[in-house]
Amino acid sequence: MLILAALALAQAAPQQGPMKTFGDWVVACDNVKRCEMTSLQPEGGDWSDDGWQMAVTRDAGPNGGWSIELIGEDAPKGVALKVEGAPADAIWRGDALTGAPAASLIAAMANGKAVVVRDGAGKALGRISLTGSSASLRFIDAEQGRVGTVSAAVAKGAKPASAVPAAASLPVIASVRAAGTPVALSPALLNQLWTQSDCAENYEGESRPDVERHALGGGATLVLVPCGAGAYNFSTVPYVVKAGKVQVAAFDSSPGWTGDGPPMLVNAGFDAKTGELGSYAKGRGIGDCGSAETYVWDGIRFRLTQARAMGECRGSTNWLIVWRAKAIAK
C-alpha cells in the first residue's frame, strides 16, 4: 500500500497545453492535441458594438474534423456567415457547423478579413474580426502535426492525411467515490485550521465565515477554510481530515492563485454527486479572463481532470481547455 502511494505521488504533474494570442484570436491545444481558437473583441474597438464572437475546434488525428460555433449571442436559425475577402459563406442552422460546411468556412477564414453575420434578408447583424485567425489556424496545423499534409488548414502540402499522428488517449484517473458523512470539527481543531492557514487575520474585528466540510469517501473529509474575498473572487485553503489527522490538501497541479503558501482555491465548489472539486478564478468581474480547474480525489491527492484558461481580458467568456483527463470512480 505504501509503495502504491509513493508511486501515485511520484507521477509527473500534468503538462498543460500551449496557449497563444494572434491579433484578435486566442488559440490553445490540450494535452492530447485537441485544439480550440476563439475570437476576441478588437483592441480599442467599441465593446458595445454587437457582441458576436466565434469559437473553432479541431480534434487531433488524421480524421480530426472542424466544429464552429457562434458565441455571445442567441443566433437565430437561417443567418448567413459571410467571409469578407473570400468566396465562401455558410448558413447557420442553430447548431455547431461541422463536416464540409465547417471545412469550407475555415478555408475561407484563412484568407478573409472578417466574418459578417447576416440575416435572411441580407442585413448585417454583426462582424467578427479575422485578424490573427490565419496564424491561429497555422498554429493548430503545427501542434497536430498536419504541416505539409492535405489535411492542414493553412500549411498545406502533398502528404496524405494518414501522415498526421494518431490522436492520443486521455489519461485515466482512478477516483474515490464521494460518500459518507463529513467529520465534525471540534473547536480546538477548527482553531488549528484557522491558525495554520493564516486566514484568520483576514477577518479580524468581524465574524469568521463558516468552514465548509465535504465527505470525500474512504473516511476522508475535505475542509475549505475561507481566506478572504474581493469583489468577485472568494479564496479558500483546502485541508483533508482523516482518522483525526489534518493535512493541507495535496494536488498534482496547483489550483487558482496558489503562490508560495498552501494551495489556494478561488470560488471553490464541490459536487458530491460527481466528486469534483472546482476552482474558478476570474481576472475581471465580467468573467472574460482567468483560469479554472476541476479535480477528483484519488485517495491521496486531488488530480486534475480539466483546466481552462483565458489570458486576454477582451470580452470572451469562452475559456479554452488546456488539459483533460478521464476520471473513473473505483
# chains A, B, ... in the order shown; residues from 1 in each chain; ligands from 1
>>> select_by_dssp(residues="range 31-256 of chain A", states="strand (DSSP E)", output="PyMOL selection string")
chain A and resi 35-39+53-58+66-71+80-84+89-91+97-98+114-118+124-129+172-175+212-217+220-229+234-242+245-248
>>> residues_around(residues="Leu40 in chain A", least_positions_apart="3", cutoff="8 Å", atoms="only C-alpha atoms", output="VMD selection string")
chain A and resid 24 to 26 53 314 to 316
>>> write_last_selection(atoms="N, CA, C and O atoms", output="JSON list (two decimals), in the first residue's frame")
[["chain", "number", "residue", "atom", "x", "y", "z"],
["A", 24, "ASP", "N", -6.64, 39.23, -33.05],
["A", 24, "ASP", "CA", -7.94, 39.21, -32.37],
["A", 24, "ASP", "C", -8.42, 37.79, -32.08],
["A", 24, "ASP", "O", -9.62, 37.56, -31.91],
["A", 25, "TRP", "N", -7.47, 36.86, -31.99],
["A", 25, "TRP", "CA", -7.82, 35.46, -31.69],
["A", 25, "TRP", "C", -6.87, 34.88, -30.65],
["A", 25, "TRP", "O", -5.69, 35.25, -30.60],
["A", 26, "VAL", "N", -7.40, 33.98, -29.82],
["A", 26, "VAL", "CA", -6.60, 33.18, -28.90],
["A", 26, "VAL", "C", -6.75, 31.72, -29.29],
["A", 26, "VAL", "O", -7.86, 31.27, -29.61],
["A", 53, "GLN", "N", -19.24, 36.64, -31.47],
["A", 53, "GLN", "CA", -17.92, 36.01, -31.44],
["A", 53, "GLN", "C", -18.03, 34.60, -32.00],
["A", 53, "GLN", "O", -19.13, 34.05, -32.16],
["A", 314, "ARG", "N", -10.55, 40.47, -23.06],
["A", 314, "ARG", "CA", -11.07, 41.19, -24.22],
["A", 314, "ARG", "C", -12.44, 40.65, -24.65],
["A", 314, "ARG", "O", -12.71, 40.43, -25.83],
["A", 315, "GLY", "N", -13.29, 40.45, -23.67],
["A", 315, "GLY", "CA", -14.69, 40.19, -23.97],
["A", 315, "GLY", "C", -15.11, 38.76, -24.20],
["A", 315, "GLY", "O", -16.29, 38.50, -24.41],
["A", 316, "SER", "N", -14.18, 37.79, -24.15],
["A", 316, "SER", "CA", -14.55, 36.40, -24.42],
["A", 316, "SER", "C", -14.72, 35.62, -23.13],
["A", 316, "SER", "O", -13.79, 35.53, -22.33]]
>>> residues_around(residues="Ser39 in chain A", least_positions_apart="6", cutoff="10 Å", atoms="only C-alpha atoms", output="list in words")
Thr21, Phe22, Gly23, Asp24, Trp25, Val26, Val27, Trp52, Gln53, Met54, Ala55, Val56, Leu70, Ile71, Ile128, Ser129, Leu130, Thr131, Gly132, Ser133, Arg314, Gly315, Ser316 and Asn318 of chain A
>>> select_by_dssp(residues="range 109-151 of chain A", states="helix (DSSP H, G or I)", output="number ranges by chain")
A: 109, 133-143
>>> residues_around(residues="Thr317 in chain A", least_positions_apart="5", cutoff="9 Å", atoms="only C-alpha atoms", output="ChimeraX atom specification")
/A:71-72,286-289,310
>>> residues_around(residues="Leu222 in chain A", least_positions_apart="2", cutoff="12 Å", atoms="only C-alpha atoms", output="VMD selection string")
chain A and resid 178 to 185 211 to 220 224 to 225 236 to 242 246 to 250 268 to 272 275 to 277 296 to 297 299 to 302
>>> closest_residue(among="A:Pro262, A:Pro255, A:Gly148, A:Gly157", to="Asp198 in chain A", atoms="only C-alpha atoms")
A:Pro262
>>> atom_distance(atom1="CA of Asn267 in chain A", atom2="CA of Gly51 in chain A")
26.4 Å
>>> residues_around(residues="Glu143 in chain A", least_positions_apart="3", cutoff="7 Å", atoms="only C-alpha atoms", output="list in words")
Lys33, Phe139 and Ile140 of chain A
>>> residues_around(residues="range 158-165 of chain A", least_positions_apart="6", cutoff="8 Å", atoms="only C-alpha atoms", output="PyMOL selection string")
chain A and resi 61-63+144-146+148-151
>>> decode(residues="range 133-182 of chain A", atoms="N, CA and C atoms", output="mmCIF file, in the first residue's frame")
data_model
loop_
_atom_site.group_PDB
_atom_site.id
_atom_site.type_symbol
_atom_site.label_atom_id
_atom_site.label_comp_id
_atom_site.auth_asym_id
_atom_site.auth_seq_id
_atom_site.Cartn_x
_atom_site.Cartn_y
_atom_site.Cartn_z
ATOM 1 N N SER A 133 -6.536 35.095 -37.304
ATOM 2 C CA SER A 133 -7.142 33.760 -37.438
ATOM 3 C C SER A 133 -6.270 32.834 -38.278
ATOM 4 N N SER A 134 -5.634 33.362 -39.328
ATOM 5 C CA SER A 134 -4.782 32.523 -40.167
ATOM 6 C C SER A 134 -3.595 31.999 -39.364
ATOM 7 N N ALA A 135 -2.978 32.871 -38.542
ATOM 8 C CA ALA A 135 -1.859 32.435 -37.707
ATOM 9 C C ALA A 135 -2.318 31.402 -36.681
ATOM 10 N N SER A 136 -3.538 31.574 -36.168
ATOM 11 C CA SER A 136 -4.077 30.604 -35.204
ATOM 12 C C SER A 136 -4.301 29.253 -35.862
ATOM 13 N N LEU A 137 -4.809 29.251 -37.092
ATOM 14 C CA LEU A 137 -5.009 28.005 -37.822
ATOM 15 C C LEU A 137 -3.665 27.331 -38.123
ATOM 16 N N ARG A 138 -2.670 28.127 -38.454
ATOM 17 C CA ARG A 138 -1.333 27.585 -38.705
ATOM 18 C C ARG A 138 -0.764 26.963 -37.428
ATOM 19 N N PHE A 139 -1.034 27.595 -36.291
ATOM 20 C CA PHE A 139 -0.593 27.065 -35.001
ATOM 21 C C PHE A 139 -1.206 25.689 -34.763
ATOM 22 N N ILE A 140 -2.499 25.536 -35.057
ATOM 23 C CA ILE A 140 -3.162 24.235 -34.909
ATOM 24 C C ILE A 140 -2.545 23.207 -35.851
ATOM 25 N N ASP A 141 -2.270 23.619 -37.101
ATOM 26 C CA ASP A 141 -1.607 22.703 -38.040
ATOM 27 C C ASP A 141 -0.317 22.156 -37.450
ATOM 28 N N ALA A 142 0.482 23.048 -36.856
ATOM 29 C CA ALA A 142 1.781 22.635 -36.310
ATOM 30 C C ALA A 142 1.618 21.731 -35.090
ATOM 31 N N GLU A 143 0.718 22.116 -34.163
ATOM 32 C CA GLU A 143 0.536 21.344 -32.937
ATOM 33 C C GLU A 143 0.019 19.942 -33.223
ATOM 34 N N GLN A 144 -0.816 19.799 -34.235
ATOM 35 C CA GLN A 144 -1.413 18.493 -34.535
ATOM 36 C C GLN A 144 -0.610 17.708 -35.567
ATOM 37 N N GLY A 145 0.550 18.224 -35.994
ATOM 38 C CA GLY A 145 1.391 17.506 -36.945
ATOM 39 C C GLY A 145 0.820 17.448 -38.350
ATOM 40 N N ARG A 146 0.097 18.491 -38.750
ATOM 41 C CA ARG A 146 -0.544 18.498 -40.067
ATOM 42 C C ARG A 146 0.249 19.265 -41.124
ATOM 43 N N VAL A 147 1.297 19.948 -40.719
ATOM 44 C CA VAL A 147 2.063 20.754 -41.675
ATOM 45 C C VAL A 147 2.554 19.884 -42.827
ATOM 46 N N GLY A 148 2.290 20.350 -44.054
ATOM 47 C CA GLY A 148 2.722 19.619 -45.239
ATOM 48 C C GLY A 148 1.774 18.524 -45.678
ATOM 49 N N THR A 149 0.611 18.405 -45.031
ATOM 50 C CA THR A 149 -0.371 17.384 -45.412
ATOM 51 C C THR A 149 -1.610 18.042 -46.030
ATOM 52 N N VAL A 150 -2.409 17.242 -46.687
ATOM 53 C CA VAL A 150 -3.620 17.760 -47.318
ATOM 54 C C VAL A 150 -4.661 18.155 -46.281
ATOM 55 N N SER A 151 -4.496 17.709 -45.036
ATOM 56 C CA SER A 151 -5.486 18.000 -44.005
ATOM 57 C C SER A 151 -5.222 19.323 -43.298
ATOM 58 N N ALA A 152 -4.091 19.987 -43.591
ATOM 59 C CA ALA A 152 -3.768 21.252 -42.942
ATOM 60 C C ALA A 152 -4.735 22.344 -43.393
ATOM 61 N N ALA A 153 -4.960 23.301 -42.495
ATOM 62 C CA ALA A 153 -5.831 24.428 -42.836
ATOM 63 C C ALA A 153 -5.077 25.496 -43.619
ATOM 64 N N VAL A 154 -3.828 25.742 -43.226
ATOM 65 C CA VAL A 154 -3.023 26.787 -43.863
ATOM 66 C C VAL A 154 -1.734 26.218 -44.446
ATOM 67 N N ALA A 155 -1.004 25.463 -43.634
ATOM 68 C CA ALA A 155 0.302 24.939 -44.056
ATOM 69 C C ALA A 155 0.140 23.656 -44.860
ATOM 70 N N LYS A 156 -0.588 23.737 -45.969
ATOM 71 C CA LYS A 156 -0.924 22.551 -46.762
ATOM 72 C C LYS A 156 0.272 22.016 -47.540
ATOM 73 N N GLY A 157 0.214 20.722 -47.844
ATOM 74 C CA GLY A 157 1.232 20.066 -48.643
ATOM 75 C C GLY A 157 0.642 18.856 -49.331
ATOM 76 N N ALA A 158 1.508 18.061 -49.915
ATOM 77 C CA ALA A 158 1.038 16.916 -50.699
ATOM 78 C C ALA A 158 0.936 15.626 -49.899
ATOM 79 N N LYS A 159 1.423 15.623 -48.681
ATOM 80 C CA LYS A 159 1.366 14.383 -47.893
ATOM 81 C C LYS A 159 -0.083 14.010 -47.594
ATOM 82 N N PRO A 160 -0.398 12.721 -47.541
ATOM 83 C CA PRO A 160 -1.779 12.306 -47.243
ATOM 84 C C PRO A 160 -2.143 12.553 -45.784
ATOM 85 N N ALA A 161 -3.435 12.556 -45.515
ATOM 86 C CA ALA A 161 -3.903 12.756 -44.137
ATOM 87 C C ALA A 161 -3.393 11.660 -43.215
ATOM 88 N N SER A 162 -3.110 10.503 -43.766
ATOM 89 C CA SER A 162 -2.612 9.390 -42.950
ATOM 90 C C SER A 162 -1.250 9.684 -42.329
ATOM 91 N N ALA A 163 -0.562 10.717 -42.811
ATOM 92 C CA ALA A 163 0.731 11.093 -42.251
ATOM 93 C C ALA A 163 0.592 11.859 -40.941
ATOM 94 N N VAL A 164 -0.637 12.285 -40.613
ATOM 95 C CA VAL A 164 -0.889 13.022 -39.366
ATOM 96 C C VAL A 164 -0.834 12.044 -38.192
ATOM 97 N N PRO A 165 -0.153 12.388 -37.115
ATOM 98 C CA PRO A 165 -0.076 11.485 -35.945
ATOM 99 C C PRO A 165 -1.469 11.141 -35.406
ATOM 100 N N ALA A 166 -1.614 9.932 -34.925
ATOM 101 C CA ALA A 166 -2.889 9.493 -34.356
ATOM 102 C C ALA A 166 -3.188 10.269 -33.074
ATOM 103 N N ALA A 167 -4.461 10.417 -32.804
ATOM 104 C CA ALA A 167 -4.873 11.104 -31.579
ATOM 105 C C ALA A 167 -4.531 10.245 -30.366
ATOM 106 N N ALA A 168 -3.990 10.876 -29.345
ATOM 107 C CA ALA A 168 -3.652 10.160 -28.118
ATOM 108 C C ALA A 168 -4.895 9.947 -27.259
ATOM 109 N N SER A 169 -4.835 8.959 -26.384
ATOM 110 C CA SER A 169 -5.938 8.705 -25.465
ATOM 111 C C SER A 169 -5.811 9.615 -24.247
ATOM 112 N N LEU A 170 -6.946 9.929 -23.640
ATOM 113 C CA LEU A 170 -6.928 10.749 -22.435
ATOM 114 C C LEU A 170 -6.314 9.982 -21.269
ATOM 115 N N PRO A 171 -5.564 10.653 -20.397
ATOM 116 C CA PRO A 171 -5.097 9.999 -19.172
ATOM 117 C C PRO A 171 -6.302 9.543 -18.349
ATOM 118 N N VAL A 172 -6.169 8.431 -17.673
ATOM 119 C CA VAL A 172 -7.254 7.883 -16.853
ATOM 120 C C VAL A 172 -6.877 8.005 -15.380
ATOM 121 N N ILE A 173 -7.804 8.532 -14.587
ATOM 122 C CA ILE A 173 -7.586 8.705 -13.155
ATOM 123 C C ILE A 173 -8.589 7.851 -12.394
ATOM 124 N N ALA A 174 -8.088 7.021 -11.497
ATOM 125 C CA ALA A 174 -8.964 6.228 -10.630
ATOM 126 C C ALA A 174 -9.330 7.097 -9.426
ATOM 127 N N SER A 175 -10.565 7.528 -9.387
ATOM 128 C CA SER A 175 -11.010 8.430 -8.321
ATOM 129 C C SER A 175 -11.820 7.679 -7.272
ATOM 130 N N VAL A 176 -11.918 8.274 -6.087
ATOM 131 C CA VAL A 176 -12.703 7.712 -4.989
ATOM 132 C C VAL A 176 -14.104 8.304 -5.038
ATOM 133 N N ARG A 177 -15.112 7.462 -4.911
ATOM 134 C CA ARG A 177 -16.486 7.956 -4.885
ATOM 135 C C ARG A 177 -16.735 8.778 -3.625
ATOM 136 N N ALA A 178 -17.312 9.939 -3.812
ATOM 137 C CA ALA A 178 -17.660 10.764 -2.652
ATOM 138 C C ALA A 178 -18.776 10.069 -1.884
ATOM 139 N N ALA A 179 -18.539 9.739 -0.627
ATOM 140 C CA ALA A 179 -19.529 9.013 0.164
ATOM 141 C C ALA A 179 -19.252 9.225 1.643
ATOM 142 N N GLY A 180 -20.264 8.946 2.445
ATOM 143 C CA GLY A 180 -20.103 9.052 3.882
ATOM 144 C C GLY A 180 -20.573 10.383 4.424
ATOM 145 N N THR A 181 -20.235 10.649 5.656
ATOM 146 C CA THR A 181 -20.618 11.874 6.348
ATOM 147 C C THR A 181 -19.371 12.648 6.736
ATOM 148 N N PRO A 182 -19.307 13.937 6.462
ATOM 149 C CA PRO A 182 -18.120 14.708 6.842
ATOM 150 C C PRO A 182 -17.927 14.707 8.353
#
